[in-house]
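One structure is given here, and the rest of the page talks about it.
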Amino acid sequence: MSDQPSEASRPPERSPEAGTQPEPRPEPQASTSTTTATTTEVAGTTAPPGTPAGAGAPASGPGNPWQYGAGAPGAKNSAGDGVAARLRPPAPPLIRPAVLWSVLATAVLSALFLGDGLGVNLLIVAAPAALAAFFAARSAGRRLRPWTATWALGGLVLLAVPALRDAGWPTFLAVVSAFALGSLALHGSRSWLGVLIGSLGLFDAVVPGIIWGVRGVRARADGSRARWGTALRTTAVAVVLLVVFGTLFASADAAFADLLSGLMPDVSLVEGPWRIFLFALGLAGALAAAYTAAAPVRWDGITVSPGKPRGRIEWALPLIVLNLLFAAFIALQLVVLLGGYEKVRAETGLDHAEYARQGFWQLLWATLLTLLVIALALRWAPRGGSRDRTLVRAVLGTLCVLTLVVVASALRRMDLYVDEYGLTRLRISVAAMELWLGVVLVLILAAGVFGARFLPRAIAVSAAAGVLAFGLLSPDGLVAEQNVQRFEARDSAGIDIDYVKDLSADAVPALDRLPEPERSCALRIVQREVLHDDAPWYATSWGEARAKKILEKRPVVGDGRDCYRLGTDGVREGYEPDDDGYDPY
C-alpha cells in the first residue's frame, strides 16, 4: 500500500512504497584522498568513488548487470541524522475507530480460538488484523499496489496450510513464511536489505504500535465519552441476551446444545491466564500491523557500498578456472548417467545407492557455495562499461548454467537413493531445498539478461511459493505413499514400521492400504492420537478429520504382538509388548 504513483511514473527521489522522501542535500565534493564510495540509484547505476550523488551517471544502464542499488539518491552509508530521516517516517495520524474495532476483534478472536491448536483459526484471526492494517493505511493516504497485494494474498494463502495438513513441520514453515510476507506487505521493500529486514520489520513496530493505540484511545475517549458509553452498554446488553437465551435453547434441545458446543470455544477459568496472554498477543500484533501500515519504516534506505572493482583478468581468471572444474565434473556425471555405473562400481566398490548417498550432500553444499561465489563476484566485478558488463554476463552466466546441471545431478542421486531405501522427511526436505536453489539460479540468469530490479522480490516470492507447494503436497503423505508403493512392488521386502508409525495423520490414507498386520502396526499410534483428540473444529486440520473418518470406519486390530513378529526390518530389536497387550509403538 502506498500513497505514491505507479512504479513506471514514480520519480527516483521517492521511496518505493512508504511515502515521499525529503529532498536530499547535495554531497560535498570528495577530495582525491577520500576513498569513501557512495551508492547512488540513478537508472540502476553505481557511481564511482568520489563522485557526487547523481552526477556523472551514464544513461546506458547499470554498471553491473545483476546489481540493483536500492538507496535513495544521495543516501549516506554512515549512521547519523541522514539515515534516521530516510528510515523513520513521520508520525501516523490519530488511530481511526475502524482500526480500533478491528484490533479489538483480533484480540478477542485470538483469546477465543488460538488456545486449542492450529487450524483454520489462524485465518479467522488474520482477517480482522488485515482489515486493521488496511484501514490504517487508508487513513495515512497509502494506496494498495500490486506488490503489496501479492505479499498480502500470499501470506493469507500460506495460512491455509495449517487448516489442511496435520504435520507440524510444514505448518511451522508456512506460518513463519506467512508472517514474513505480511511484514513485507506492510513495508513494501524491494532491495536486498529491504526484503531481508522488512520480512522481520514488524517486530520493530510492537512498542510504537501500542503507544499509538493508547494515545488514540485516550484522545477519542476524551472527546466522545457519551458514544463510548453507548457502545459499551449496547455490547453488554447483546452479550447478556445471547447468554440467557442461548442457555435456555440449549437446555431445551440436545441437538441445539451439541451445535453450540461444537461452534463455540470452550473457555474455562483455569485457562484464564493463557487466554489473557493470547488476548494481549493479538492486541499487540494487530496494533503493530496497523501502525506499520500507516507509517512503515523505509528499510530500503539502508544501502551497502559496492566493493572495489577489480581488473578483468584478476576478476575473471579464478571464475573461468572454476567453470572448467564444473565442466569436467559434469562430463563425468554424464558418463555415469548414460550407463557408466558398472565402471564406477568396479573402481570404487560402491553400488548405485551408496554412490548416490556419497555425493548428494557434497553437491548440495557445492550449490550453496556457488551462490555465495556469485554474490561476492558481483560485489567486486569490473564496472567500466559495456565490455565489462558482457564479461560479467558471460562468466557468471556460464557458472549458473553449469551449477544447474550440478543441481540436476544431485536430484538424480537422491532419486536413486530413495528408490533403494525409501523416502523420509529429511530426504524430501533436502531435495525440495535443492530444487528451490535451482529456481534461484534460473532467476539470477534472468536478472542477468533482463535486469535485476525485481530479483530480490522474485526470490522471496519463489521461496514463499516453494513453502506453499511443500505444505499443500503433504510431505508426510508423500513419504507414506512412496514407502507403501515400494512395499507393494517388492513382495519379499518389508516396510519400515518403526519409521512410518511416527508420521502424522496426513499419512493415514496411504498406510491404510497396507495388509495386516503391517497396517495396524503402522496406524496404532495415529489412531490413539486422532480418536482421543477432542480439539474443536477450528483447531482441527482437514488431514486429521480425514484420518479420523478412516480409522472410525476401519480401526486397527490386534494387541501389538504381531508387530514384533514382523521381523527386524524397521522394527527395534528386543521389542516385546507388555503382558497386557499395550503396544509401546
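Every chain in the C-alpha cells takes a letter, A first, then B, and so on in the order presented; its residues are numbered from 1, and the ligands are numbered from 1 following the presented order.
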Note to self: Please list as a PyMOL selection string every residue within 12 Å of Ala539 in chain A, counting only C-alpha atoms and excluding residues in the same chain fewer than 5 positions away.
What the structure shows: chain A and resi 112-124+162-166+262-263+265+533-534+544-545
Atoms to include: C-alpha atoms. Write the selected residues as a compact mmCIF listing (two decimals), in the first residue's frame.
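Final file, again-v6.txt:
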```txt
# COMPACT_ATOMS: atom_id res chain seq x y z
CA LEU A 112 -11.07 -17.48 21.96
CA PHE A 113 -9.62 -19.53 19.11
CA LEU A 114 -5.82 -19.78 19.40
CA GLY A 115 -5.66 -21.70 22.68
CA ASP A 116 -6.60 -25.13 21.33
CA GLY A 117 -4.14 -25.69 18.48
CA LEU A 118 -3.68 -24.55 14.90
CA GLY A 119 -6.10 -24.92 12.02
CA VAL A 120 -8.49 -22.59 10.28
CA ASN A 121 -8.37 -20.39 13.40
CA LEU A 122 -5.24 -18.68 12.06
CA LEU A 123 -7.21 -17.43 9.06
CA ILE A 124 -10.05 -16.34 11.34
CA PRO A 162 -2.35 -25.47 8.93
CA ALA A 163 -6.02 -25.83 8.03
CA LEU A 164 -5.26 -28.62 5.56
CA ARG A 165 -2.27 -30.53 6.96
CA ASP A 166 -1.70 -32.20 10.33
CA GLY A 262 -19.21 -27.51 18.54
CA LEU A 263 -19.22 -23.92 17.30
CA PRO A 265 -14.89 -22.21 22.11
CA ASP A 533 -8.24 -35.87 20.41
CA ASP A 534 -11.06 -33.54 21.44
CA GLU A 544 -6.76 -35.03 10.83
CA ALA A 545 -10.51 -35.11 10.15
```
Check: Leaving out Arg96 in chain A and any residue of its chain fewer than 4 positions from it, which residues lie within 12 Å of it when counting only C-alpha atoms, given as a PyMOL selection string?
Finding: chain A and resi 92+100-103+132-140+212-213+215-217+219-220+287+290-291+294
Writer output for current selection, N, CA and C atoms, as a compact mmCIF listing (two decimals), in the first residue's frame:
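File out_5.txt, as written:
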```
# COMPACT_ATOMS: atom_id res chain seq x y z
N PRO A 92 2.21 8.66 12.35
CA PRO A 92 0.94 8.38 11.67
C PRO A 92 -0.18 9.23 12.24
N LEU A 100 -9.47 0.67 15.50
CA LEU A 100 -9.61 0.21 16.88
C LEU A 100 -10.52 -1.01 16.99
N TRP A 101 -11.66 -0.97 16.29
CA TRP A 101 -12.58 -2.11 16.37
C TRP A 101 -11.98 -3.36 15.74
N SER A 102 -11.23 -3.19 14.65
CA SER A 102 -10.58 -4.34 14.02
C SER A 102 -9.50 -4.93 14.93
N VAL A 103 -8.75 -4.06 15.60
CA VAL A 103 -7.73 -4.52 16.54
C VAL A 103 -8.37 -5.26 17.70
N ALA A 132 -7.50 -4.17 9.95
CA ALA A 132 -6.93 -3.07 10.73
C ALA A 132 -5.80 -2.40 9.96
N ALA A 133 -4.92 -3.20 9.34
CA ALA A 133 -3.84 -2.63 8.55
C ALA A 133 -4.37 -1.88 7.34
N PHE A 134 -5.41 -2.40 6.70
CA PHE A 134 -5.98 -1.75 5.53
C PHE A 134 -6.59 -0.39 5.90
N PHE A 135 -7.36 -0.35 6.98
CA PHE A 135 -7.97 0.92 7.39
C PHE A 135 -6.91 1.94 7.82
N ALA A 136 -5.86 1.48 8.50
CA ALA A 136 -4.79 2.39 8.91
C ALA A 136 -4.05 2.95 7.71
N ALA A 137 -3.80 2.10 6.71
CA ALA A 137 -3.11 2.58 5.51
C ALA A 137 -3.95 3.60 4.76
N ARG A 138 -5.25 3.37 4.68
CA ARG A 138 -6.13 4.34 4.01
C ARG A 138 -6.15 5.66 4.74
N SER A 139 -6.18 5.64 6.07
CA SER A 139 -6.19 6.89 6.83
C SER A 139 -4.89 7.67 6.65
N ALA A 140 -3.78 6.95 6.35
CA ALA A 140 -2.50 7.62 6.12
C ALA A 140 -2.29 8.00 4.67
N TRP A 212 0.88 4.15 20.17
CA TRP A 212 -0.03 4.81 19.23
C TRP A 212 -1.48 4.46 19.55
N GLY A 213 -1.74 3.21 19.86
CA GLY A 213 -3.10 2.81 20.19
C GLY A 213 -3.60 3.42 21.47
N ARG A 215 -2.60 6.22 22.90
CA ARG A 215 -2.85 7.65 22.69
C ARG A 215 -4.12 7.88 21.90
N GLY A 216 -4.37 7.05 20.91
CA GLY A 216 -5.59 7.21 20.14
C GLY A 216 -6.85 6.97 20.96
N VAL A 217 -6.80 5.94 21.79
CA VAL A 217 -7.97 5.65 22.65
C VAL A 217 -8.21 6.79 23.62
N ALA A 219 -7.34 9.99 23.28
CA ALA A 219 -7.82 11.18 22.58
C ALA A 219 -9.28 11.06 22.18
N ARG A 220 -9.68 9.90 21.72
CA ARG A 220 -11.06 9.73 21.29
C ARG A 220 -12.00 9.56 22.48
N LEU A 287 -2.06 -4.09 16.52
CA LEU A 287 -1.62 -2.70 16.60
C LEU A 287 -0.31 -2.49 15.85
N ALA A 290 -1.14 -2.43 12.13
CA ALA A 290 -1.80 -1.20 11.73
C ALA A 290 -0.83 -0.02 11.75
N TYR A 291 0.02 0.05 12.78
CA TYR A 291 0.99 1.14 12.86
C TYR A 291 1.96 1.09 11.68
N ALA A 294 0.40 2.34 8.52
CA ALA A 294 0.24 3.79 8.48
C ALA A 294 1.57 4.52 8.36
```
Checklist line | Contacts of range 464-470 of chain A within 12 Å, only C-alpha atoms, excl. fewer than 6 positions in-chain, as number ranges by chain | finding: A: 150-162, 164-165, 167, 169-182, 184, 199, 425, 428-440, 457-458, 476-478
Item checked: Residue contacts of Val479 in chain A (10 Å, only C-alpha atoms) excluding same-chain residues fewer than 6 positions away, as a PyMOL selection string -> chain A and resi 422-425+427-428+500+503+506-507+510
Note to self: I'd like the interatomic distance between CA of Glu314 in chain A and CA of Leu391 in chain A, to a tenth of an Å.
What the structure shows: 12.4 Å
Margin query: I'd like to know which residues of range 299-492 of chain A are alpha helix (DSSP H) (by DSSP, run on the backbone); could you write them as a PyMOL selection string?
Written below: chain A and resi 312-335+341-348+352-379+386-421+425-450+455-472+475-489
